[in-house]
Amino acid sequence: MAEAKFIANDKLTAWLDELSATMRVLAPARQGDAVVFVPYVAGQNVELGQEATAPPKSTVFPASEDLLRYDYRKNPENLGQVDVELFPTITPEPTLVFGSRPCGARGFLIFDRVYDGAKYKDPYYLARREATLFATIACLKAENACFCHSVGSAPGDAAGSDLLLTPMDDGYVVEAVSKKGEALLGSSLFTAGKKKAGQAKKLREQALKDMGEPQDFGPAKDKLLALFDDMGFWEDVSAKCISCGACTYLCPTCYCFNITDENAGLTGRRVRSWDNCMSFQFTLEASGHNPRPTKAHRLKNRVGHKFSYYPALHEGIIACCGCGRCIKSCPVSVDIREIVTKAMAHQPPAVEEAAK
Amino acid sequence: MTENPKQSPLTANPYLPEIGTIIETIQETHNIKTFRIVLGSEERMQNFHYEPGQVGQLSVFGIGESTFVINSPPTRKEYLQFSVMRAGEVTTKLHSLSKGDRIGVRAPLGNHFPYESMKGKDVVFIGGGIGMAPLRTLLLFMLDNREDYGKISVLYGARSPQDMAFSYELPEWLERKDMETVLTIDREAEGWEHKVGLIPNVLLEMAPKPKKAVAVTCGPPIMIKFTLQALKKLGFKDDQIVTTLEKRMKCGVGICGRCNIGTKYVCVDGPVFTYEQLRELPNEL
């Protein structure tokens, strides 16, 4: 990879202006109390000091997107016959996500294993993924809800990113992680960053140390399965959940979706939208049967999927990037770390002598 | 655009249905309707490969998609047959379609009945209601390869004679010398000449021998529950019992995330499972 570069704080806007002249740039901006990724317009203020409230998930996996458009047409040869024509719509736009944190960019590594599967590939996702670059800012200070180091990542993790920026007092050390990222380092706004790269590395390492000992969630894989039928446990840990689904919508690794049709006369769209395993409708069958009838069943699946089923299918990799958004934004303070920790420590109740 | 008919369109874009045409419909019962569908061209039909037990998603554009088993066997490829019980929005709309209407088809999806490992064995089919549809696929496939299998028995039950699908085929099944067919309904009905009684009880009367046999069953959960008990009583082991599951499936290709039972996705790892496999899965049917 190319040598590290440095960009001074007062040149950052000019660099973003340059980048946004050649592609769509999404950068975090403050909107009220929230920080969200918005299309960058030249000269705009970016909010890089606070982790975005919502991750950059929608850049590659939009909250709703067309899978296809359909047209019903009367056959001119036979007016009783209505033909239907389908138009799949895959229209990725070259995009740079600027200023996401390592957890946000890394979330897509969890998606990739599912959407780029051995048998089926999702062409909509893959086209956007291919067209999207990530210039990620290393975290130098973890927040209360952060636990990326417990799920195989770190505050300076570059996996899934194309550029890694490490904040310094007077600017950012910018390092290429991929070939595509390297191509973004041609600007004359940069100065040499090789000397500062060592210092940047130390800052990242210190940030990891500051997070304290990581928790080992490895044993959760089997322990959660062992607890599957212990509904008392699941009812207890889900008691305060209100099934609002905020955890799933804000999660960089939640990838479930629904497919619905939107009709407009003789034409319409087949739309894919984010879906939410915390909702009753998610698994409700046409017969009325629902394999996950209560919020306890649904939370069990959410935790089980991330810490047990996915790791079992994908070399032990936990389907959680430790960003803590589900904890920070939960209106009733459900904490997935607590649930997994509790599950790992759970002992089945001792069998009463009298019951024997 | 030329299309390689040998390449399944599913591999290129698994969400993109093919447009099929309904060539015939059969009103099986008051709430079950069968659709015979052909895809684009004769060549496409010939090159459409599937296995007994695989499913497909039928689309009515503007309403949505639902999953149904392809209940015509791959040994008879003039059309693809789907039997649809009216239950929700998509199935209600499907019931309004008729000959000549266009329909979206995404198929084949999922795994299939283990017909290879069933070769040389006796096969007992136990179907309840619409649950007979997936069994029909395997049954016809086996009848088309009759010499590969031992004794074939069919127990088909429905609430009443009017609830019996495939009634046009039943006389042939009853007459065939190379299979045993038993029909049953829940309560006495005028003119009914076959069994009366619940499937598990009739099964116990039939008493198929478990030695070198496989039981294939599909039906409502309550029927399955008691059929399983009856099969156990008759000596069938969990690995000798095969069933096919239903779930709310959406994408059909293991991505959308709603039909999992623990690590298994019914749309790709199923819908066909043995009871031995199901027993190893978390209890979330």
# chains A, B, ... in the order shown; residues from 1 in each chain; ligands from 1

call {"tool": "interface_residues", "arguments": {"of": "chain B", "to": "chain A", "cutoff": "6 Å", "atoms": "only C-alpha atoms", "output": "PDB file with N, CA, C and O atoms, in the first residue's frame"}}
result
ATOM      1  N   GLY B  62     -48.267  -6.774  -7.881  1.00  0.00           N
ATOM      2  CA  GLY B  62     -49.204  -5.830  -7.280  1.00  0.00           C
ATOM      3  C   GLY B  62     -49.725  -6.345  -5.946  1.00  0.00           C
ATOM      4  O   GLY B  62     -50.160  -5.575  -5.104  1.00  0.00           O
ATOM      5  N   ILE B  63     -49.653  -7.661  -5.749  1.00  0.00           N
ATOM      6  CA  ILE B  63     -50.086  -8.245  -4.477  1.00  0.00           C
ATOM      7  C   ILE B  63     -48.879  -8.845  -3.749  1.00  0.00           C
ATOM      8  O   ILE B  63     -48.614  -8.515  -2.604  1.00  0.00           O
ATOM      9  N   GLY B  64     -48.153  -9.702  -4.424  1.00  0.00           N
ATOM     10  CA  GLY B  64     -46.960 -10.265  -3.793  1.00  0.00           C
ATOM     11  C   GLY B  64     -46.704 -11.704  -4.189  1.00  0.00           C
ATOM     12  O   GLY B  64     -47.255 -12.203  -5.174  1.00  0.00           O
ATOM     13  N   ALA B  87     -55.808 -18.645   1.791  1.00  0.00           N
ATOM     14  CA  ALA B  87     -55.589 -18.368   3.213  1.00  0.00           C
ATOM     15  C   ALA B  87     -55.293 -16.898   3.470  1.00  0.00           C
ATOM     16  O   ALA B  87     -55.716 -16.341   4.473  1.00  0.00           O
ATOM     17  N   GLY B  88     -54.560 -16.270   2.580  1.00  0.00           N
ATOM     18  CA  GLY B  88     -54.175 -14.877   2.803  1.00  0.00           C
ATOM     19  C   GLY B  88     -54.405 -14.046   1.548  1.00  0.00           C
ATOM     20  O   GLY B  88     -55.153 -14.445   0.654  1.00  0.00           O
ATOM     21  N   ARG B 248     -43.204 -18.942   6.880  1.00  0.00           N
ATOM     22  CA  ARG B 248     -43.400 -17.722   6.121  1.00  0.00           C
ATOM     23  C   ARG B 248     -42.092 -17.456   5.388  1.00  0.00           C
ATOM     24  O   ARG B 248     -41.141 -16.952   5.972  1.00  0.00           O
ATOM     25  N   CYS B 256     -33.283 -13.332   3.420  1.00  0.00           N
ATOM     26  CA  CYS B 256     -34.150 -12.356   4.107  1.00  0.00           C
ATOM     27  C   CYS B 256     -34.306 -12.626   5.596  1.00  0.00           C
ATOM     28  O   CYS B 256     -34.664 -11.730   6.356  1.00  0.00           O
ATOM     29  N   GLY B 257     -34.026 -13.854   6.027  1.00  0.00           N
ATOM     30  CA  GLY B 257     -33.859 -14.097   7.446  1.00  0.00           C
ATOM     31  C   GLY B 257     -35.097 -14.419   8.257  1.00  0.00           C
ATOM     32  O   GLY B 257     -35.053 -14.285   9.469  1.00  0.00           O
ATOM     33  N   GLY B 262     -33.162 -21.973  14.263  1.00  0.00           N
ATOM     34  CA  GLY B 262     -31.747 -21.994  14.638  1.00  0.00           C
ATOM     35  C   GLY B 262     -30.900 -21.714  13.405  1.00  0.00           C
ATOM     36  O   GLY B 262     -31.130 -20.734  12.697  1.00  0.00           O
ATOM     37  N   THR B 263     -29.971 -22.610  13.108  1.00  0.00           N
ATOM     38  CA  THR B 263     -29.052 -22.358  11.989  1.00  0.00           C
ATOM     39  C   THR B 263     -29.625 -22.772  10.636  1.00  0.00           C
ATOM     40  O   THR B 263     -29.012 -22.514   9.605  1.00  0.00           O
ATOM     41  N   GLU B 284     -38.823 -24.801  17.399  1.00  0.00           N
ATOM     42  CA  GLU B 284     -39.449 -23.543  16.983  1.00  0.00           C
ATOM     43  C   GLU B 284     -40.252 -23.722  15.702  1.00  0.00           C
ATOM     44  O   GLU B 284     -40.108 -22.974  14.745  1.00  0.00           O
ATOM     45  N   LEU B 285     -41.079 -24.749  15.662  1.00  0.00           N
ATOM     46  CA  LEU B 285     -41.867 -24.965  14.453  1.00  0.00           C
ATOM     47  C   LEU B 285     -43.120 -24.091  14.483  1.00  0.00           C
ATOM     48  O   LEU B 285     -43.750 -23.883  13.502  1.00  0.00           O
TER      49      LEU B 285
END

call {"tool": "residues_around", "arguments": {"residues": "region 101-113 of chain B", "least_positions_apart": "5", "cutoff": "7 Å", "atoms": "only C-alpha atoms", "output": "NGL selection string"}}
result
(:A and (83-84)) or (:B and (17-22 or 50-60 or 252 or 267-272))

call {"tool": "residues_around", "arguments": {"residues": "Met164 (chain B)", "least_positions_apart": "6", "cutoff": "9 Å", "atoms": "only C-alpha atoms", "output": "NGL selection string"}}
result
:B and (28-29 or 129-130 or 156-158 or 185)

call {"tool": "write_last_selection", "arguments": {"atoms": "N, CA and C atoms", "output": "compact mmCIF listing (two decimals), in the first residue's frame"}}
result
# COMPACT_ATOMS: atom_id res chain seq x y z
N GLU B 28 -60.20 -27.64 -6.98
CA GLU B 28 -60.11 -28.93 -6.29
C GLU B 28 -61.18 -29.07 -5.22
N THR B 29 -61.26 -28.05 -4.37
CA THR B 29 -62.24 -28.03 -3.28
C THR B 29 -62.72 -26.59 -3.18
N GLY B 129 -55.37 -33.24 4.06
CA GLY B 129 -55.80 -32.00 3.42
C GLY B 129 -54.84 -31.56 2.32
N ILE B 130 -54.48 -30.27 2.33
CA ILE B 130 -53.58 -29.72 1.32
C ILE B 130 -52.19 -30.34 1.44
N TYR B 156 -54.74 -41.03 2.58
CA TYR B 156 -55.09 -39.63 2.34
C TYR B 156 -56.38 -39.31 3.08
N GLY B 157 -56.30 -38.32 3.95
CA GLY B 157 -57.49 -37.96 4.71
C GLY B 157 -57.87 -36.50 4.53
N ALA B 158 -59.16 -36.24 4.60
CA ALA B 158 -59.65 -34.86 4.54
C ALA B 158 -60.87 -34.79 5.44
N ILE B 185 -62.27 -39.88 5.75
CA ILE B 185 -62.81 -38.56 6.11
C ILE B 185 -63.12 -38.57 7.60

call {"tool": "residues_around", "arguments": {"residues": "Val242 (chain B)", "least_positions_apart": "6", "cutoff": "7 Å", "atoms": "only C-alpha atoms", "output": "PDB file with N, CA and C atoms, in the first residue's frame"}}
result
ATOM      1  N   ALA B 215     -41.783 -43.545   5.933  1.00  0.00           N
ATOM      2  CA  ALA B 215     -43.088 -42.882   5.949  1.00  0.00           C
ATOM      3  C   ALA B 215     -42.883 -41.424   5.562  1.00  0.00           C
ATOM      4  N   VAL B 216     -43.718 -40.950   4.641  1.00  0.00           N
ATOM      5  CA  VAL B 216     -43.627 -39.555   4.212  1.00  0.00           C
ATOM      6  C   VAL B 216     -44.952 -38.905   4.575  1.00  0.00           C
ATOM      7  N   THR B 217     -44.891 -37.863   5.396  1.00  0.00           N
ATOM      8  CA  THR B 217     -46.150 -37.306   5.882  1.00  0.00           C
ATOM      9  C   THR B 217     -46.180 -35.794   5.785  1.00  0.00           C
ATOM     10  N   PHE B 273     -37.396 -32.430   5.600  1.00  0.00           N
ATOM     11  CA  PHE B 273     -36.543 -32.861   6.712  1.00  0.00           C
ATOM     12  C   PHE B 273     -37.003 -34.241   7.177  1.00  0.00           C
ATOM     13  N   THR B 274     -36.070 -35.013   7.737  1.00  0.00           N
ATOM     14  CA  THR B 274     -36.492 -36.221   8.436  1.00  0.00           C
ATOM     15  C   THR B 274     -36.787 -35.816   9.881  1.00  0.00           C
ATOM     16  N   TYR B 275     -37.552 -36.642  10.578  1.00  0.00           N
ATOM     17  CA  TYR B 275     -37.822 -36.317  11.980  1.00  0.00           C
ATOM     18  C   TYR B 275     -36.559 -36.364  12.815  1.00  0.00           C
TER      19      TYR B 275
END

call {"tool": "select_by_dssp", "arguments": {"residues": "region 52-214 of chain B", "states": "helix (DSSP H, G or I)", "output": "JSON, numbers by chain"}}
result
{"B": [89, 90, 91, 92, 93, 94, 95, 129, 130, 131, 132, 133, 134, 135, 136, 137, 138, 139, 140, 141, 142, 143, 144, 146, 147, 148, 161, 162, 163, 170, 171, 172, 173, 174, 175, 199, 200, 201, 202, 203, 204, 205, 206]}

call {"tool": "select_by_dssp", "arguments": {"residues": "region 57-240 of chain B", "states": "strand (DSSP E or B)", "output": "PyMOL selection string"}}
result
chain B and resi 57-60+64-69+80-85+102-109+122-128+152-158+180-185+195-196+213-218

call {"tool": "write_last_selection", "arguments": {"atoms": "N, CA and C atoms", "output": "short mmCIF file (atom, residue, chain, number, x, y, z; two decimals), in the first residue's frame"}}
result
data_model
loop_
_atom_site.label_atom_id
_atom_site.label_comp_id
_atom_site.auth_asym_id
_atom_site.auth_seq_id
_atom_site.Cartn_x
_atom_site.Cartn_y
_atom_site.Cartn_z
N GLN B 57 -41.93 -19.88 -5.83
CA GLN B 57 -42.70 -18.72 -5.39
C GLN B 57 -43.57 -18.29 -6.56
N LEU B 58 -44.86 -18.17 -6.30
CA LEU B 58 -45.76 -17.65 -7.33
C LEU B 58 -46.02 -16.18 -7.03
N SER B 59 -46.00 -15.36 -8.06
CA SER B 59 -46.19 -13.92 -7.92
C SER B 59 -47.44 -13.45 -8.63
N VAL B 60 -48.19 -12.62 -7.94
CA VAL B 60 -49.20 -11.82 -8.63
C VAL B 60 -48.69 -10.39 -8.46
N GLY B 64 -48.15 -9.70 -4.42
CA GLY B 64 -46.96 -10.27 -3.79
C GLY B 64 -46.70 -11.70 -4.19
N GLU B 65 -45.87 -12.35 -3.40
CA GLU B 65 -45.42 -13.71 -3.69
C GLU B 65 -45.72 -14.63 -2.52
N SER B 66 -45.95 -15.90 -2.81
CA SER B 66 -46.06 -16.91 -1.77
C SER B 66 -45.44 -18.21 -2.28
N THR B 67 -45.08 -19.06 -1.33
CA THR B 67 -44.36 -20.30 -1.67
C THR B 67 -45.30 -21.49 -1.74
N PHE B 68 -45.14 -22.29 -2.77
CA PHE B 68 -45.95 -23.51 -2.92
C PHE B 68 -45.06 -24.60 -3.50
N VAL B 69 -45.40 -25.83 -3.17
CA VAL B 69 -44.62 -26.93 -3.74
C VAL B 69 -45.01 -27.12 -5.20
N LEU B 80 -45.97 -27.06 -15.01
CA LEU B 80 -45.67 -27.09 -13.57
C LEU B 80 -47.00 -26.91 -12.85
N GLN B 81 -47.26 -27.79 -11.91
CA GLN B 81 -48.54 -27.71 -11.21
C GLN B 81 -48.35 -27.25 -9.77
N PHE B 82 -49.18 -26.30 -9.37
CA PHE B 82 -49.18 -25.79 -8.00
C PHE B 82 -50.61 -25.84 -7.47
N SER B 83 -50.79 -26.34 -6.25
CA SER B 83 -52.12 -26.32 -5.64
C SER B 83 -52.11 -25.34 -4.49
N VAL B 84 -53.07 -24.44 -4.52
CA VAL B 84 -53.04 -23.29 -3.62
C VAL B 84 -54.28 -23.28 -2.73
N MET B 85 -54.05 -23.30 -1.42
CA MET B 85 -55.19 -23.16 -0.51
C MET B 85 -55.38 -21.68 -0.20
N ARG B 102 -51.18 -14.32 -16.92
CA ARG B 102 -49.74 -14.38 -16.67
C ARG B 102 -49.49 -14.45 -15.19
N ILE B 103 -48.37 -15.08 -14.84
CA ILE B 103 -48.06 -15.26 -13.43
C ILE B 103 -46.53 -15.30 -13.28
N GLY B 104 -46.03 -14.78 -12.17
CA GLY B 104 -44.59 -14.81 -11.93
C GLY B 104 -44.21 -16.11 -11.23
N VAL B 105 -43.10 -16.69 -11.65
CA VAL B 105 -42.65 -17.96 -11.05
C VAL B 105 -41.16 -17.85 -10.71
N ARG B 106 -40.83 -18.07 -9.44
CA ARG B 106 -39.41 -18.20 -9.07
C ARG B 106 -39.22 -19.62 -8.57
N ALA B 107 -38.55 -20.42 -9.35
CA ALA B 107 -38.41 -21.83 -8.99
C ALA B 107 -37.25 -22.42 -9.80
N PRO B 108 -36.70 -23.55 -9.37
CA PRO B 108 -37.05 -24.28 -8.16
C PRO B 108 -36.25 -23.77 -6.96
N LEU B 109 -36.85 -23.89 -5.79
CA LEU B 109 -36.20 -23.46 -4.56
C LEU B 109 -36.21 -24.61 -3.55
N ASP B 122 -40.08 -49.88 1.08
CA ASP B 122 -41.52 -49.63 1.06
C ASP B 122 -41.74 -48.17 1.43
N VAL B 123 -42.74 -47.56 0.81
CA VAL B 123 -42.99 -46.14 1.10
C VAL B 123 -44.45 -45.96 1.51
N VAL B 124 -44.63 -45.31 2.66
CA VAL B 124 -45.97 -45.06 3.16
C VAL B 124 -46.22 -43.56 3.11
N PHE B 125 -47.20 -43.14 2.31
CA PHE B 125 -47.55 -41.72 2.23
C PHE B 125 -48.73 -41.46 3.15
N ILE B 126 -48.61 -40.43 3.99
CA ILE B 126 -49.72 -40.09 4.87
C ILE B 126 -49.98 -38.59 4.72
N GLY B 127 -51.04 -38.24 4.00
CA GLY B 127 -51.31 -36.83 3.72
C GLY B 127 -52.64 -36.39 4.29
N GLY B 128 -52.64 -35.21 4.87
CA GLY B 128 -53.88 -34.64 5.38
C GLY B 128 -54.20 -33.34 4.68
N ILE B 152 -45.94 -49.54 -2.14
CA ILE B 152 -46.31 -48.13 -1.97
C ILE B 152 -47.72 -48.07 -1.39
N SER B 153 -47.86 -47.42 -0.25
CA SER B 153 -49.18 -47.25 0.36
C SER B 153 -49.46 -45.76 0.51
N VAL B 154 -50.71 -45.43 0.28
CA VAL B 154 -51.12 -44.03 0.43
C VAL B 154 -52.31 -43.95 1.37
N LEU B 155 -52.17 -43.13 2.39
CA LEU B 155 -53.31 -42.83 3.25
C LEU B 155 -53.58 -41.34 3.11
N TYR B 156 -54.74 -41.03 2.58
CA TYR B 156 -55.09 -39.63 2.34
C TYR B 156 -56.38 -39.31 3.08
N GLY B 157 -56.30 -38.32 3.95
CA GLY B 157 -57.49 -37.96 4.71
C GLY B 157 -57.87 -36.50 4.53
N ALA B 158 -59.16 -36.24 4.60
CA ALA B 158 -59.65 -34.86 4.54
C ALA B 158 -60.87 -34.79 5.44
N GLU B 180 -51.32 -49.42 -2.68
CA GLU B 180 -52.49 -49.52 -1.80
C GLU B 180 -52.94 -48.10 -1.48
N THR B 181 -54.22 -47.82 -1.71
CA THR B 181 -54.70 -46.47 -1.42
C THR B 181 -55.86 -46.54 -0.43
N VAL B 182 -55.75 -45.79 0.63
CA VAL B 182 -56.83 -45.73 1.61
C VAL B 182 -57.24 -44.26 1.77
N LEU B 183 -58.52 -44.01 1.60
CA LEU B 183 -59.03 -42.65 1.77
C LEU B 183 -59.87 -42.60 3.03
N THR B 184 -59.76 -41.50 3.75
CA THR B 184 -60.59 -41.39 4.95
C THR B 184 -61.10 -39.97 5.13
N ILE B 185 -62.27 -39.88 5.75
CA ILE B 185 -62.81 -38.56 6.11
C ILE B 185 -63.12 -38.57 7.60
N LYS B 195 -62.99 -45.14 4.16
CA LYS B 195 -62.86 -45.12 5.62
C LYS B 195 -63.44 -43.84 6.23
N VAL B 196 -63.86 -43.98 7.47
CA VAL B 196 -64.24 -42.82 8.26
C VAL B 196 -63.40 -42.88 9.53
N ALA B 213 -38.76 -49.59 5.47
CA ALA B 213 -39.82 -48.69 4.99
C ALA B 213 -39.52 -47.25 5.37
N VAL B 214 -40.14 -46.34 4.63
CA VAL B 214 -40.05 -44.91 4.95
C VAL B 214 -41.47 -44.37 4.94
N ALA B 215 -41.78 -43.54 5.93
CA ALA B 215 -43.09 -42.88 5.95
C ALA B 215 -42.88 -41.42 5.56
N VAL B 216 -43.72 -40.95 4.64
CA VAL B 216 -43.63 -39.55 4.21
C VAL B 216 -44.95 -38.90 4.58
N THR B 217 -44.89 -37.86 5.40
CA THR B 217 -46.15 -37.31 5.88
C THR B 217 -46.18 -35.79 5.79
N CYS B 218 -47.36 -35.26 5.53
CA CYS B 218 -47.54 -33.81 5.51
C CYS B 218 -49.00 -33.51 5.78
#

call {"tool": "atom_distance", "arguments": {"atom1": "CA of Ile224 (chain B)", "atom2": "CA of Asp144 (chain B)"}}
result
27.2 Å

call {"tool": "residues_around", "arguments": {"residues": "Val177 (chain A)", "least_positions_apart": "5", "cutoff": "10 Å", "atoms": "only C-alpha atoms", "output": "list in words"}}
result
Met1, Ala2, Phe134, Ala135, Ala158, Ala159, Gly160, Ser161, Asp162, Leu163, Leu164 and Glu182 of chain A

call {"tool": "residues_around", "arguments": {"residues": "region 5-10 of chain A", "least_positions_apart": "6", "cutoff": "6 Å", "atoms": "only C-alpha atoms", "output": "list in words"}}
result
Asp170, Gly171, Tyr172, Val173, Val174, Phe190, Thr191, Ala192 and Gly193 of chain A

call {"tool": "write_last_selection", "arguments": {"atoms": "N, CA and C atoms", "output": "JSON list (two decimals), in the first residue's frame"}}
result
[["chain", "number", "residue", "atom", "x", "y", "z"],
["A", 170, "ASP", "N", -3.73, 18.25, 14.79],
["A", 170, "ASP", "CA", -3.78, 19.23, 13.72],
["A", 170, "ASP", "C", -4.34, 18.69, 12.40],
["A", 171, "GLY", "N", -4.78, 17.47, 12.41],
["A", 171, "GLY", "CA", -5.33, 16.91, 11.17],
["A", 171, "GLY", "C", -5.50, 15.40, 11.29],
["A", 172, "TYR", "N", -5.45, 14.72, 10.14],
["A", 172, "TYR", "CA", -5.67, 13.27, 10.13],
["A", 172, "TYR", "C", -4.54, 12.56, 9.39],
["A", 173, "VAL", "N", -4.07, 11.48, 9.97],
["A", 173, "VAL", "CA", -3.20, 10.58, 9.22],
["A", 173, "VAL", "C", -4.12, 9.70, 8.38],
["A", 174, "VAL", "N", -3.84, 9.65, 7.09],
["A", 174, "VAL", "CA", -4.72, 8.92, 6.18],
["A", 174, "VAL", "C", -3.96, 7.73, 5.58],
["A", 190, "PHE", "N", -2.68, 16.73, 0.32],
["A", 190, "PHE", "CA", -1.99, 15.91, 1.32],
["A", 190, "PHE", "C", -0.53, 16.33, 1.48],
["A", 191, "THR", "N", -0.01, 16.10, 2.68],
["A", 191, "THR", "CA", 1.44, 16.15, 2.88],
["A", 191, "THR", "C", 1.86, 14.75, 3.29],
["A", 192, "ALA", "N", 3.15, 14.51, 3.35],
["A", 192, "ALA", "CA", 3.64, 13.18, 3.72],
["A", 192, "ALA", "C", 3.21, 12.87, 5.15],
["A", 193, "GLY", "N", 2.81, 11.62, 5.37],
["A", 193, "GLY", "CA", 2.32, 11.27, 6.71],
["A", 193, "GLY", "C", 3.09, 10.14, 7.35]]

call {"tool": "residues_around", "arguments": {"residues": "Ala207 (chain A)", "least_positions_apart": "4", "cutoff": "12 Å", "atoms": "only C-alpha atoms", "output": "list in words"}}
result
Ala138, Cys139, Leu140, Lys141, Ala142, Glu143, Cys146, Cys148, His149, Ala154, Pro155, Gly156, Asp157, Thr166, Pro167, Ala200, Lys201, Lys202, Leu203, Met211 and Gly212 of chain A

call {"tool": "write_last_selection", "arguments": {"atoms": "N, CA, C and O atoms", "output": "mmCIF file, in the first residue's frame"}}
result
data_model
loop_
_atom_site.group_PDB
_atom_site.id
_atom_site.type_symbol
_atom_site.label_atom_id
_atom_site.label_comp_id
_atom_site.auth_asym_id
_atom_site.auth_seq_id
_atom_site.Cartn_x
_atom_site.Cartn_y
_atom_site.Cartn_z
ATOM 1 N N ALA A 138 -10.800 6.284 12.765
ATOM 2 C CA ALA A 138 -10.552 5.454 13.944
ATOM 3 C C ALA A 138 -11.104 6.155 15.181
ATOM 4 O O ALA A 138 -11.051 7.382 15.292
ATOM 5 N N CYS A 139 -11.652 5.370 16.101
ATOM 6 C CA CYS A 139 -12.153 5.942 17.359
ATOM 7 C C CYS A 139 -10.978 6.008 18.339
ATOM 8 O O CYS A 139 -10.295 5.004 18.553
ATOM 9 N N LEU A 140 -10.771 7.153 18.927
ATOM 10 C CA LEU A 140 -9.715 7.233 19.934
ATOM 11 C C LEU A 140 -10.294 7.172 21.342
ATOM 12 O O LEU A 140 -9.563 7.050 22.315
ATOM 13 N N LYS A 141 -11.585 7.276 21.439
ATOM 14 C CA LYS A 141 -12.208 7.178 22.758
ATOM 15 C C LYS A 141 -13.522 6.409 22.615
ATOM 16 O O LYS A 141 -14.395 6.803 21.843
ATOM 17 N N ALA A 142 -13.614 5.305 23.309
ATOM 18 C CA ALA A 142 -14.840 4.510 23.221
ATOM 19 C C ALA A 142 -15.936 5.143 24.059
ATOM 20 O O ALA A 142 -15.666 5.823 25.042
ATOM 21 N N GLU A 143 -17.174 4.894 23.623
ATOM 22 C CA GLU A 143 -18.308 5.367 24.428
ATOM 23 C C GLU A 143 -18.757 4.237 25.355
ATOM 24 O O GLU A 143 -18.331 3.088 25.210
ATOM 25 N N CYS A 146 -19.922 0.992 23.833
ATOM 26 C CA CYS A 146 -19.064 0.337 22.835
ATOM 27 C C CYS A 146 -18.495 -0.982 23.358
ATOM 28 O O CYS A 146 -18.034 -1.034 24.503
ATOM 29 N N CYS A 148 -16.767 -3.158 20.731
ATOM 30 C CA CYS A 148 -16.249 -3.753 19.497
ATOM 31 C C CYS A 148 -15.109 -4.736 19.774
ATOM 32 O O CYS A 148 -14.956 -5.733 19.070
ATOM 33 N N HIS A 149 -14.327 -4.462 20.827
ATOM 34 C CA HIS A 149 -13.181 -5.339 21.111
ATOM 35 C C HIS A 149 -13.618 -6.717 21.609
ATOM 36 O O HIS A 149 -12.824 -7.646 21.611
ATOM 37 N N ALA A 154 -11.896 -3.690 16.852
ATOM 38 C CA ALA A 154 -11.130 -2.756 17.685
ATOM 39 C C ALA A 154 -11.460 -1.340 17.244
ATOM 40 O O ALA A 154 -11.928 -1.138 16.112
ATOM 41 N N PRO A 155 -11.221 -0.349 18.104
ATOM 42 C CA PRO A 155 -11.578 1.036 17.722
ATOM 43 C C PRO A 155 -10.762 1.568 16.546
ATOM 44 O O PRO A 155 -11.148 2.555 15.934
ATOM 45 N N GLY A 156 -9.646 0.891 16.237
ATOM 46 C CA GLY A 156 -8.861 1.315 15.078
ATOM 47 C C GLY A 156 -8.875 0.272 13.968
ATOM 48 O O GLY A 156 -8.013 0.261 13.094
ATOM 49 N N ASP A 157 -9.886 -0.601 13.982
ATOM 50 C CA ASP A 157 -9.989 -1.704 13.022
ATOM 51 C C ASP A 157 -10.233 -1.172 11.609
ATOM 52 O O ASP A 157 -11.148 -0.380 11.390
ATOM 53 N N THR A 166 -6.785 8.524 11.067
ATOM 54 C CA THR A 166 -6.599 8.590 12.522
ATOM 55 C C THR A 166 -6.496 10.064 12.918
ATOM 56 O O THR A 166 -5.642 10.783 12.391
ATOM 57 N N PRO A 167 -7.378 10.501 13.808
ATOM 58 C CA PRO A 167 -7.364 11.927 14.177
ATOM 59 C C PRO A 167 -6.124 12.285 15.002
ATOM 60 O O PRO A 167 -5.757 11.545 15.912
ATOM 61 N N ALA A 200 0.156 7.635 15.043
ATOM 62 C CA ALA A 200 -1.263 7.302 14.849
ATOM 63 C C ALA A 200 -1.541 5.883 15.317
ATOM 64 O O ALA A 200 -2.550 5.604 15.977
ATOM 65 N N LYS A 201 -0.624 4.985 15.005
ATOM 66 C CA LYS A 201 -0.783 3.580 15.397
ATOM 67 C C LYS A 201 -0.829 3.474 16.916
ATOM 68 O O LYS A 201 -1.651 2.747 17.480
ATOM 69 N N LYS A 202 0.073 4.222 17.567
ATOM 70 C CA LYS A 202 0.101 4.190 19.036
ATOM 71 C C LYS A 202 -1.210 4.698 19.621
ATOM 72 O O LYS A 202 -1.727 4.151 20.594
ATOM 73 N N LEU A 203 -1.746 5.759 19.009
ATOM 74 C CA LEU A 203 -3.025 6.295 19.503
ATOM 75 C C LEU A 203 -4.127 5.244 19.400
ATOM 76 O O LEU A 203 -4.958 5.102 20.294
ATOM 77 N N MET A 211 -10.182 0.518 26.477
ATOM 78 C CA MET A 211 -11.490 -0.167 26.542
ATOM 79 C C MET A 211 -11.506 -1.263 27.603
ATOM 80 O O MET A 211 -12.554 -1.823 27.906
ATOM 81 N N GLY A 212 -10.331 -1.607 28.114
ATOM 82 C CA GLY A 212 -10.275 -2.643 29.145
ATOM 83 C C GLY A 212 -10.307 -4.030 28.542
ATOM 84 O O GLY A 212 -10.247 -4.200 27.311
#

call {"tool": "closest_residue", "arguments": {"among": "B:Ile37, B:Met118, B:Leu234, B:Cys251", "to": "Tyr79 (chain B)", "atoms": "only C-alpha atoms"}}
result
B:Ile37

call {"tool": "closest_residue", "arguments": {"among": "B:Leu143, B:Ile23, B:Ile255, B:Leu204", "to": "Arg176 (chain B)", "atoms": "only C-alpha atoms"}}
result
B:Leu143
